[in-house]
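Enquirer: My structure is in upload.pdb, and what it holds is PDB, C-alpha atoms:
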```pdb
ATOM      1  CA  MET W  27     -11.027  -4.900 -20.549
ATOM      2  CA  ALA W  28      -7.832  -6.531 -21.865
ATOM      3  CA  GLU W  29      -5.264  -7.880 -19.407
ATOM      4  CA  ILE W  30      -3.456  -5.148 -17.504
ATOM      5  CA  LYS W  31       0.207  -5.331 -18.511
ATOM      6  CA  THR W  32       1.512  -1.886 -17.579
ATOM      7  CA  ILE W  33       0.578   0.535 -14.827
ATOM      8  CA  GLY W  34       1.706   4.058 -14.110
ATOM      9  CA  VAL W  35       2.110   5.321 -10.563
ATOM     10  CA  VAL W  36       2.243   9.071  -9.955
ATOM     11  CA  GLY W  37       4.083   9.987  -6.769
ATOM     12  CA  GLY W  38       7.413   8.566  -5.608
ATOM     13  CA  GLY W  39       6.751   8.783  -1.887
ATOM     14  CA  GLN W  40       6.105   5.942   0.535
ATOM     15  CA  MET W  41       2.705   5.046  -0.902
ATOM     16  CA  GLY W  42       3.637   5.430  -4.562
ATOM     17  CA  SER W  43       6.859   3.471  -4.284
ATOM     18  CA  GLY W  44       5.075   0.764  -2.307
ATOM     19  CA  ILE W  45       2.367   0.414  -4.957
ATOM     20  CA  ALA W  46       5.033   0.302  -7.681
ATOM     21  CA  GLN W  47       6.902  -2.445  -5.835
ATOM     22  CA  LEU W  48       3.721  -4.432  -5.324
ATOM     23  CA  ALA W  49       2.853  -4.272  -9.031
ATOM     24  CA  ALA W  50       6.356  -5.180 -10.222
ATOM     25  CA  VAL W  51       6.596  -8.166  -7.880
ATOM     26  CA  ASN W  52       3.298  -9.416  -9.268
ATOM     27  CA  GLY W  53       4.466  -9.358 -12.864
ATOM     28  CA  VAL W  54       3.223  -5.955 -14.028
ATOM     29  CA  ASP W  55       5.457  -3.450 -15.829
ATOM     30  CA  VAL W  56       5.570  -0.148 -13.946
ATOM     31  CA  TRP W  57       6.281   3.470 -14.788
ATOM     32  CA  LEU W  58       6.892   5.367 -11.532
ATOM     33  CA  HIS W  59       6.592   9.136 -11.967
ATOM     34  CA  ASP W  60       7.621  12.022  -9.786
ATOM     35  CA  THR W  61       8.567  15.578 -10.703
ATOM     36  CA  ASP W  62      11.467  15.323  -8.244
ATOM     37  CA  ALA W  63      14.334  13.199  -9.617
ATOM     38  CA  ASP W  64      15.761  12.830  -6.090
ATOM     39  CA  ALA W  65      12.465  11.364  -4.910
ATOM     40  CA  LEU W  66      12.700   8.763  -7.667
ATOM     41  CA  THR W  67      16.255   7.912  -6.636
ATOM     42  CA  ARG W  68      15.114   7.396  -3.054
ATOM     43  CA  ALA W  69      12.135   5.349  -4.231
ATOM     44  CA  THR W  70      14.306   3.098  -6.371
ATOM     45  CA  LYS W  71      16.718   2.481  -3.488
ATOM     46  CA  SER W  72      13.818   1.779  -1.129
ATOM     47  CA  ILE W  73      12.166  -0.662  -3.523
ATOM     48  CA  SER W  74      15.455  -2.449  -4.226
ATOM     49  CA  SER W  75      16.259  -2.773  -0.522
ATOM     50  CA  SER W  76      12.760  -4.000   0.271
ATOM     51  CA  ILE W  77      12.851  -6.641  -2.462
ATOM     52  CA  GLN W  78      16.325  -7.792  -1.366
ATOM     53  CA  ARG W  79      15.058  -8.214   2.207
ATOM     54  CA  LEU W  80      12.102 -10.267   0.983
ATOM     55  CA  VAL W  81      14.461 -12.473  -1.038
ATOM     56  CA  SER W  82      16.881 -12.918   1.873
ATOM     57  CA  LYS W  83      14.012 -13.960   4.142
ATOM     58  CA  GLY W  84      12.696 -16.459   1.611
ATOM     59  CA  HIS W  85       9.445 -14.576   0.951
ATOM     60  CA  LEU W  86      10.415 -14.049  -2.703
ATOM     61  CA  SER W  87      12.571 -16.100  -5.027
ATOM     62  CA  GLN W  88      15.687 -14.480  -6.464
ATOM     63  CA  ALA W  89      14.188 -14.821  -9.948
ATOM     64  CA  VAL W  90      10.999 -12.957  -8.988
ATOM     65  CA  GLY W  91      12.997 -10.237  -7.242
ATOM     66  CA  THR W  92      15.272  -9.738 -10.232
ATOM     67  CA  ASP W  93      12.313  -9.696 -12.617
ATOM     68  CA  ALA W  94      10.498  -7.124 -10.448
ATOM     69  CA  LEU W  95      13.431  -4.706 -10.555
ATOM     70  CA  ARG W  96      13.658  -5.177 -14.318
ATOM     71  CA  ARG W  97       9.992  -4.233 -14.680
ATOM     72  CA  LEU W  98      10.387  -0.922 -12.825
ATOM     73  CA  ARG W  99      11.098   2.246 -14.793
ATOM     74  CA  CYS W 100      11.192   5.773 -13.366
ATOM     75  CA  THR W 101      10.477   9.072 -15.093
ATOM     76  CA  THR W 102      10.009  12.758 -14.413
ATOM     77  CA  LYS W 103       7.936  13.090 -17.596
ATOM     78  CA  LEU W 104       4.218  12.518 -17.149
ATOM     79  CA  GLU W 105       3.923  11.801 -20.887
ATOM     80  CA  ASP W 106       5.798   8.503 -20.378
ATOM     81  CA  LEU W 107       2.647   7.120 -18.720
ATOM     82  CA  HIS W 108       0.832   7.178 -22.073
ATOM     83  CA  SER W 109       1.245   3.420 -22.544
ATOM     84  CA  ALA W 110      -0.166   2.471 -19.117
ATOM     85  CA  ASP W 111      -3.373   0.454 -18.895
ATOM     86  CA  VAL W 112      -4.041   1.831 -15.396
ATOM     87  CA  ILE W 113      -2.585   4.972 -13.813
ATOM     88  CA  ILE W 114      -2.680   5.155 -10.016
ATOM     89  CA  GLU W 115      -2.307   8.591  -8.441
ATOM     90  CA  ALA W 116      -0.540   8.625  -5.063
ATOM     91  CA  ILE W 117       0.343  12.283  -4.495
ATOM     92  CA  VAL W 118      -0.403  14.793  -1.730
ATOM     93  CA  GLU W 119      -3.881  14.577  -0.156
ATOM     94  CA  SER W 120      -5.141  17.844  -1.672
ATOM     95  CA  GLU W 121      -8.279  17.938  -3.785
ATOM     96  CA  ASN W 122      -7.125  20.875  -5.902
ATOM     97  CA  VAL W 123      -3.730  19.303  -6.635
ATOM     98  CA  LYS W 124      -5.337  15.977  -7.502
ATOM     99  CA  LYS W 125      -7.911  17.624  -9.775
ATOM    100  CA  LYS W 126      -5.156  19.364 -11.721
ATOM    101  CA  LEU W 127      -3.295  16.070 -12.102
ATOM    102  CA  PHE W 128      -6.376  14.144 -13.248
ATOM    103  CA  SER W 129      -7.090  16.789 -15.856
ATOM    104  CA  GLU W 130      -3.518  16.400 -17.145
ATOM    105  CA  LEU W 131      -3.628  12.607 -17.067
ATOM    106  CA  ASP W 132      -6.869  12.614 -19.027
ATOM    107  CA  LYS W 133      -5.065  14.331 -21.900
ATOM    108  CA  ILE W 134      -2.008  12.038 -21.725
ATOM    109  CA  ALA W 135      -3.440   8.585 -21.003
ATOM    110  CA  LYS W 136      -4.564   6.324 -23.802
ATOM    111  CA  PHE W 137      -8.289   6.203 -24.520
ATOM    112  CA  SER W 138      -8.874   2.886 -22.718
ATOM    113  CA  ALA W 139      -6.820   3.658 -19.589
ATOM    114  CA  ILE W 140      -8.313   3.625 -16.097
ATOM    115  CA  LEU W 141      -7.394   6.565 -13.851
ATOM    116  CA  ALA W 142      -7.332   5.510 -10.201
ATOM    117  CA  SER W 143      -6.735   7.579  -7.089
ATOM    118  CA  ASN W 144      -5.124   6.328  -3.898
ATOM    119  CA  THR W 145      -6.917   9.085  -1.987
ATOM    120  CA  SER W 146      -7.992   8.124   1.504
ATOM    121  CA  SER W 147     -10.893  10.569   1.728
ATOM    122  CA  ILE W 148     -11.464  12.852  -1.287
ATOM    123  CA  SER W 149     -14.515  12.513  -3.561
ATOM    124  CA  ILE W 150     -13.876  10.292  -6.582
ATOM    125  CA  THR W 151     -16.875  11.861  -8.326
ATOM    126  CA  ARG W 152     -15.323  15.325  -8.120
ATOM    127  CA  LEU W 153     -11.938  14.058  -9.359
ATOM    128  CA  ALA W 154     -13.659  12.256 -12.238
ATOM    129  CA  ALA W 155     -15.535  15.417 -13.216
ATOM    130  CA  THR W 156     -12.253  17.045 -14.252
ATOM    131  CA  THR W 157     -11.815  14.407 -16.974
ATOM    132  CA  ASN W 158     -13.610  13.377 -20.148
ATOM    133  CA  ARG W 159     -13.699   9.758 -18.964
ATOM    134  CA  PRO W 160     -15.582   9.770 -15.620
ATOM    135  CA  HIS W 161     -16.722   6.186 -16.235
ATOM    136  CA  GLN W 162     -13.013   5.154 -16.138
ATOM    137  CA  VAL W 163     -12.132   6.924 -12.883
ATOM    138  CA  ILE W 164     -12.132   5.021  -9.586
ATOM    139  CA  GLY W 165     -10.725   5.087  -6.063
ATOM    140  CA  MET W 166      -8.103   2.426  -5.256
ATOM    141  CA  HIS W 167      -7.038   3.115  -1.689
ATOM    142  CA  PHE W 168      -4.066   1.025  -0.563
ATOM    143  CA  MET W 169      -3.130   0.811   3.101
ATOM    144  CA  ASN W 170       0.349   1.774   4.313
ATOM    145  CA  PRO W 171       2.730   0.098   3.578
ATOM    146  CA  PRO W 172       1.164  -1.288   0.358
ATOM    147  CA  PRO W 173       3.436  -4.348  -0.026
ATOM    148  CA  ILE W 174       2.513  -5.546   3.474
ATOM    149  CA  MET W 175      -1.049  -4.486   4.256
ATOM    150  CA  LYS W 176      -3.636  -6.918   2.947
ATOM    151  CA  LEU W 177      -6.492  -4.487   2.228
ATOM    152  CA  VAL W 178      -7.493  -2.357  -0.746
ATOM    153  CA  GLU W 179     -10.540  -0.109  -0.470
ATOM    154  CA  ILE W 180     -12.258   0.470  -3.822
ATOM    155  CA  ILE W 181     -14.525   3.483  -4.272
ATOM    156  CA  ARG W 182     -16.888   3.975  -7.184
ATOM    157  CA  GLY W 183     -17.653   7.505  -8.307
ATOM    158  CA  ALA W 184     -21.132   8.447  -9.504
ATOM    159  CA  ASP W 185     -20.266   7.467 -13.089
ATOM    160  CA  THR W 186     -17.724   4.671 -12.578
ATOM    161  CA  SER W 187     -18.599   1.818 -14.938
ATOM    162  CA  ASP W 188     -18.928  -1.842 -14.036
ATOM    163  CA  ASP W 189     -16.041  -2.645 -16.388
ATOM    164  CA  THR W 190     -13.775  -0.184 -14.566
ATOM    165  CA  PHE W 191     -14.808  -1.547 -11.181
ATOM    166  CA  ASN W 192     -14.313  -5.182 -12.230
ATOM    167  CA  ALA W 193     -10.898  -4.506 -13.788
ATOM    168  CA  THR W 194      -9.710  -2.592 -10.706
ATOM    169  CA  LYS W 195     -10.966  -5.289  -8.343
ATOM    170  CA  ALA W 196      -9.254  -7.975 -10.419
ATOM    171  CA  LEU W 197      -5.988  -6.008 -10.332
ATOM    172  CA  ALA W 198      -6.132  -5.657  -6.538
ATOM    173  CA  GLU W 199      -6.806  -9.379  -6.197
ATOM    174  CA  ARG W 200      -3.926 -10.130  -8.572
ATOM    175  CA  PHE W 201      -1.785  -8.203  -6.077
ATOM    176  CA  GLY W 202      -3.001 -10.596  -3.375
ATOM    177  CA  LYS W 203      -5.248  -8.077  -1.645
ATOM    178  CA  THR W 204      -8.629  -8.429   0.008
ATOM    179  CA  VAL W 205     -11.034  -5.891  -1.481
ATOM    180  CA  ILE W 206     -13.725  -3.903   0.306
ATOM    181  CA  CYS W 207     -16.043  -1.536  -1.554
ATOM    182  CA  SER W 208     -17.247   1.870  -0.414
ATOM    183  CA  GLN W 209     -19.728   4.372  -1.709
ATOM    184  CA  ASP W 210     -18.267   7.783  -2.529
ATOM    185  CA  TYR W 211     -18.766   9.517   0.818
ATOM    186  CA  SER W 212     -16.098  11.489   2.659
ATOM    187  CA  GLY W 213     -13.542   9.236   4.340
ATOM    188  CA  PHE W 214     -14.992   6.083   2.731
ATOM    189  CA  ILE W 215     -14.921   3.167   5.220
ATOM    190  CA  VAL W 216     -11.529   2.941   6.910
ATOM    191  CA  ASN W 217     -10.808   6.624   7.516
ATOM    192  CA  ARG W 218     -14.435   7.415   8.344
ATOM    193  CA  ILE W 219     -13.887   5.214  11.417
ATOM    194  CA  LEU W 220     -10.140   5.520  12.041
ATOM    195  CA  MET W 221      -9.531   9.265  11.835
ATOM    196  CA  PRO W 222     -12.192  10.332  14.354
ATOM    197  CA  MET W 223     -10.617   7.838  16.787
ATOM    198  CA  ILE W 224      -7.184   9.387  16.232
ATOM    199  CA  ASN W 225      -8.680  12.867  16.566
ATOM    200  CA  GLU W 226     -10.357  11.879  19.843
ATOM    201  CA  ALA W 227      -7.021  10.567  21.120
ATOM    202  CA  PHE W 228      -5.573  14.028  20.420
ATOM    203  CA  TYR W 229      -8.468  15.595  22.329
ATOM    204  CA  ALA W 230      -7.745  13.268  25.258
ATOM    205  CA  LEU W 231      -4.119  14.426  25.226
ATOM    206  CA  TYR W 232      -5.109  18.079  24.653
ATOM    207  CA  THR W 233      -7.500  18.174  27.605
ATOM    208  CA  GLY W 234      -5.144  16.336  29.946
ATOM    209  CA  VAL W 235      -7.145  13.143  30.292
ATOM    210  CA  ALA W 236      -3.936  11.093  30.200
ATOM    211  CA  THR W 237      -0.378  11.044  28.934
ATOM    212  CA  LYS W 238       0.323  10.036  25.343
ATOM    213  CA  GLU W 239       1.926   6.808  26.582
ATOM    214  CA  ASP W 240      -1.125   5.840  28.629
ATOM    215  CA  ILE W 241      -3.525   6.708  25.800
ATOM    216  CA  ASP W 242      -1.597   4.465  23.413
ATOM    217  CA  THR W 243      -1.077   1.684  25.959
ATOM    218  CA  GLY W 244      -4.766   1.746  26.831
ATOM    219  CA  MET W 245      -5.797   1.178  23.226
ATOM    220  CA  LYS W 246      -3.111  -1.421  22.554
ATOM    221  CA  LEU W 247      -3.712  -3.562  25.612
ATOM    222  CA  GLY W 248      -7.369  -2.695  26.195
ATOM    223  CA  THR W 249      -8.633  -3.149  22.634
ATOM    224  CA  ASN W 250      -5.862  -5.304  21.112
ATOM    225  CA  HIS W 251      -4.740  -2.654  18.605
ATOM    226  CA  PRO W 252      -1.179  -3.297  17.373
ATOM    227  CA  MET W 253      -0.391   0.424  17.638
ATOM    228  CA  GLY W 254      -1.883   3.143  19.803
ATOM    229  CA  PRO W 255      -3.780   5.920  17.979
ATOM    230  CA  LEU W 256      -1.149   8.598  18.621
ATOM    231  CA  GLU W 257       1.694   6.328  17.568
ATOM    232  CA  LEU W 258      -0.327   5.395  14.480
ATOM    233  CA  ALA W 259      -0.930   9.063  13.681
ATOM    234  CA  ASP W 260       2.836   9.621  13.708
ATOM    235  CA  PHE W 261       3.248   6.667  11.341
ATOM    236  CA  ILE W 262       0.556   7.932   8.947
ATOM    237  CA  GLY W 263       1.686  11.565   9.118
ATOM    238  CA  LEU W 264      -0.072  14.211  11.177
ATOM    239  CA  ASP W 265      -0.539  16.368   8.091
ATOM    240  CA  VAL W 266      -2.424  13.513   6.419
ATOM    241  CA  CYS W 267      -4.574  12.996   9.525
ATOM    242  CA  LEU W 268      -5.416  16.699   9.620
ATOM    243  CA  SER W 269      -6.237  16.764   5.907
ATOM    244  CA  VAL W 270      -8.623  13.815   6.245
ATOM    245  CA  MET W 271     -10.343  15.375   9.273
ATOM    246  CA  LYS W 272     -10.893  18.571   7.288
ATOM    247  CA  VAL W 273     -12.409  16.538   4.431
ATOM    248  CA  LEU W 274     -14.696  14.693   6.869
ATOM    249  CA  HIS W 275     -15.817  17.944   8.499
ATOM    250  CA  ALA W 276     -16.450  19.697   5.182
ATOM    251  CA  GLY W 277     -18.095  16.710   3.524
ATOM    252  CA  LEU W 278     -20.274  15.476   6.392
ATOM    253  CA  GLY W 279     -20.947  18.783   8.140
ATOM    254  CA  ASP W 280     -20.876  17.455  11.686
ATOM    255  CA  ASN W 281     -18.852  19.240  14.370
ATOM    256  CA  LYS W 282     -17.694  15.907  15.757
ATOM    257  CA  TYR W 283     -15.213  15.941  12.864
ATOM    258  CA  VAL W 284     -13.609  19.278  13.823
ATOM    259  CA  PRO W 285      -9.828  18.690  14.016
ATOM    260  CA  CYS W 286      -8.388  18.879  17.519
ATOM    261  CA  PRO W 287      -6.476  22.169  18.080
ATOM    262  CA  LEU W 288      -3.445  20.191  19.279
ATOM    263  CA  LEU W 289      -3.322  18.264  15.989
ATOM    264  CA  VAL W 290      -3.537  21.559  14.088
ATOM    265  CA  GLN W 291      -0.782  23.072  16.238
ATOM    266  CA  TYR W 292       1.574  20.137  15.706
ATOM    267  CA  VAL W 293       1.126  20.326  11.941
ATOM    268  CA  ASP W 294       1.657  24.104  11.991
ATOM    269  CA  ALA W 295       4.908  23.495  13.879
ATOM    270  CA  GLY W 296       6.090  20.957  11.311
ATOM    271  CA  ARG W 297       5.742  18.076  13.744
ATOM    272  CA  LEU W 298       4.404  15.679  11.124
ATOM    273  CA  GLY W 299       5.422  12.351  12.661
ATOM    274  CA  ARG W 300       8.022   9.748  11.806
ATOM    275  CA  LYS W 301       8.815  11.208   8.378
ATOM    276  CA  ARG W 302      10.016  14.416  10.075
ATOM    277  CA  GLY W 303      11.554  12.712  13.113
ATOM    278  CA  ILE W 304       9.066  14.297  15.496
ATOM    279  CA  GLY W 305       5.298  14.304  15.907
ATOM    280  CA  VAL W 306       3.479  13.295  19.062
ATOM    281  CA  TYR W 307       6.693  11.422  19.884
ATOM    282  CA  ASN W 308      10.312  12.380  19.263
ATOM    283  CA  TYR W 309      12.196   9.919  17.045
ATOM    284  CA  LEU W 310      15.429  11.947  16.851
ATOM    285  CA  LYS W 311      18.583  11.047  18.768
ATOM    286  CA  VAL W 312      16.887   8.262  20.699
ATOM    287  CA  PRO W 313      19.401   6.444  22.950
ATOM    288  CA  GLN W 314      20.346   2.979  21.717
ATOM    289  CA  GLU W 315      18.609   1.134  24.537
ATOM    290  CA  ASN W 316      15.322   2.966  23.865
ATOM    291  CA  LYS W 317      15.230   2.925  20.043
ATOM    292  CA  SER W 318      12.388   0.468  19.982
ATOM    293  CA  ARG W 319      10.029   2.907  21.688
ATOM    294  CA  PRO W 320       9.125   6.454  20.652
ATOM    295  CA  ARG W 321       9.427   9.135  23.324
ATOM    296  CA  LEU W 322       9.048  12.874  23.795
TER     297      LEU W 322
END
```
Can the structure in the file be given as structure tokens, please?

Expert:
Amino acid sequence: MAEIKTIGVVGGGQMGSGIAQLAAVNGVDVWLHDTDADALTRATKSISSSIQRLVSKGHLSQAVGTDALRRLRCTTKLEDLHSADVIIEAIVESENVKKKLFSELDKIAKFSAILASNTSSISITRLAATTNRPHQVIGMHFMNPPPIMKLVEIIRGADTSDDTFNATKALAERFGKTVICSQDYSGFIVNRILMPMINEAFYALYTGVATKEDIDTGMKLGTNHPMGPLELADFIGLDVCLSVMKVLHAGLGDNKYVPCPLLVQYVDAGRLGRKRGIGVYNYLKVPQENKSRPRL
């Protein structure tokens, strides 16, 4: 495949904007798409602020930062992604919504374009089956936040070609990432291990084994995790955690993947974590002296 010069990113949320920033900083032209113009405005401000911080701390030169912002273009029109060599989908973790998008992208993208999904759990084979180019569909799962986290998980669908895999791996490495490769099974590698741990932490809280603070402290100090599982769930988004658990349960058929009722209840109540200001912990109106620590 020819050198990748332009990528499209669908989804202007935290993951999509982070992927767009990462690409632009590494010399790739970017079209960032979202149907919500306000989301694109927020994404642009976030990317600009992030790049300015990196420049001020000496992690990026002023020239690279300026060039990155010049490379970023935003659009509400999916058709503007026609020129992209690779299109990375980073929208809601819903198989039906992603399938609809991939079907649309297949009609819009140029013949040679790779269609990649940032899904953390959904079958790449099933997404690819909605297109006429299954050999050019692949999973490219970035960790959150993409500009900081060093890992990219690549997932081959049943028909993903070697050329598609090699080009995607090379792009991730161009972004400075370490690549791991997974077969196309529910949850892949990272979430197959991580989400059941988070779910078990919810069960421990649900059944009164310990307080949320002690559960998190136990895992941080007892196993050297930088964040406790409940705190991490708030950071990821409880709705995302629940969605992945449902995919694991449906795809693997084992009752050990049944989502904890407390996790379900929190999502039903709109307690989705940091992005909503409340999840397992309350992040709203925290007194100044306690802002560094979440609390209920």

Enquirer: Which residues, written as a VMD selection string, have at least one atom at most 10 Å from Asn158 in chain W, with all atoms listed in the file counted and residues fewer than 3 positions away on the same chain left out?

Expert: chain W and resid 129 132 to 133 137 154 to 155 161 to 163

Enquirer: Using only C-alpha atoms, which protein or nucleic acid residues come within 10 Å of range 245-251 of chain W? Drop anything in the same chain fewer than 5 positions from it, and give the result as a list in words.

Expert: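 Near range 245-251 of chain W, the qualifying residues are Ala227, Asp240 and Leu256 of chain W.
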
Enquirer: Considering all atoms listed in the file, state which residue in the set W:Val205, W:Leu58, W:Ala196, W:Val290 is at the smallest distance from Met175 in chain W.

Expert: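 Of all the options, W:Val205 lies closest to Met175 in chain W.
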
Enquirer: Counting all atoms listed in the file, I want the residues whose atoms come within 6 Å of (-3.9, 5.5, -14.8) in the file frame, returned as a PyMOL selection string.

Expert: chain W and resi 34+112-114+139-142

Enquirer: Which residue is closest to Ser146 in chain W? Choose from W:Asp242, W:Asp185, W:Glu105, W:Glu119 and count only C-alpha atoms.

Expert: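 Of W:Asp242, W:Asp185, W:Glu105, W:Glu119, the one nearest Ser146 in chain W, counting only C-alpha atoms, is W:Glu119.
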
Enquirer: List every residue of range 285-313 of chain W that has an atom at most 8 Å from any atom of range 261-280 of chain W, giving for each one its closest atom pair and the distance in Å to one decimal, counting only C-alpha atoms, sorted by chain and then by ascending residue number, as CSV.

Expert:
```
residue,atom,partner,partner_atom,distance
W:Pro285,CA,W:Met271,CA,5.8
W:Leu289,CA,W:Leu268,CA,6.9
W:Val290,CA,W:Leu268,CA,6.9
W:Tyr292,CA,W:Leu264,CA,7.6
W:Val293,CA,W:Asp265,CA,5.8
W:Arg297,CA,W:Leu264,CA,7.4
W:Leu298,CA,W:Leu264,CA,4.7
W:Gly299,CA,W:Gly263,CA,5.2
W:Arg300,CA,W:Phe261,CA,5.7
W:Lys301,CA,W:Gly263,CA,7.2
W:Gly305,CA,W:Leu264,CA,7.2
```

Enquirer: Apply the PyMOL selection byres ((chain W and resi 177) around 12) to the displayed file and report the matching residues as a ChimeraX atom specification.

Expert: /W:166-176,178-180,195,198-199,201-207,215-216

Enquirer: In Å, how far is it from CA of Ile30 in chain W to CA of Glu121 in chain W?

Expert: 27.3 Å

Enquirer: Which value, in Å to one decimal, gives the distance between CA of Arg99 in chain W and CA of Asn144 in chain W?

Expert: 20.0 Å

Enquirer: Any idea what the distance is between CA of Ile33 in chain W and CA of Asp111 in chain W?

Expert: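 Separation between CA of Ile33 in chain W and CA of Asp111 in chain W: 5.7 Å.
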
Enquirer: If the PyMOL selection byres ((chain W and resi 186) around 10) were run on this exact file, what residues would it hold? Put them as a PyMOL selection string.

Expert: chain W and resi 150-151+154+159-165+181-185+187-191

Enquirer: My list of candidates is W:Thr70, W:Thr32, W:Ser75, W:Gln88. Which is closest to Asp106 in chain W when distances are computed with all atoms listed in the file?

Expert: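 Of the candidates, the smallest distance to Asp106 in chain W is held by W:Thr32.
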
Enquirer: Hey, which of W:Asn52, W:Met253, W:Tyr232, W:Arg152 ends up closest to Asp210 in chain W? Count only C-alpha atoms.

Expert: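 Residue with the minimum atom-to-atom distance to Asp210 in chain W: W:Arg152.
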
Enquirer: Name every residue that the PyMOL selection byres ((chain W and resi 96) around 12) selects in this structure, writing the answer as number ranges by chain with chains first and numbers rising.

Expert: W: 47, 50-51, 53-57, 70, 73-74, 77, 89-95, 97-100

Enquirer: Could you save the residues just selected, with C-alpha atoms, as a short mmCIF file (atom, residue, chain, number, x, y, z; two decimals), keeping the file's coordinate frame?

Expert:
```cif
data_model
loop_
_atom_site.label_atom_id
_atom_site.label_comp_id
_atom_site.auth_asym_id
_atom_site.auth_seq_id
_atom_site.Cartn_x
_atom_site.Cartn_y
_atom_site.Cartn_z
CA GLN W 47 6.90 -2.44 -5.84
CA ALA W 50 6.36 -5.18 -10.22
CA VAL W 51 6.60 -8.17 -7.88
CA GLY W 53 4.47 -9.36 -12.86
CA VAL W 54 3.22 -5.96 -14.03
CA ASP W 55 5.46 -3.45 -15.83
CA VAL W 56 5.57 -0.15 -13.95
CA TRP W 57 6.28 3.47 -14.79
CA THR W 70 14.31 3.10 -6.37
CA ILE W 73 12.17 -0.66 -3.52
CA SER W 74 15.46 -2.45 -4.23
CA ILE W 77 12.85 -6.64 -2.46
CA ALA W 89 14.19 -14.82 -9.95
CA VAL W 90 11.00 -12.96 -8.99
CA GLY W 91 13.00 -10.24 -7.24
CA THR W 92 15.27 -9.74 -10.23
CA ASP W 93 12.31 -9.70 -12.62
CA ALA W 94 10.50 -7.12 -10.45
CA LEU W 95 13.43 -4.71 -10.56
CA ARG W 97 9.99 -4.23 -14.68
CA LEU W 98 10.39 -0.92 -12.82
CA ARG W 99 11.10 2.25 -14.79
CA CYS W 100 11.19 5.77 -13.37
#
```
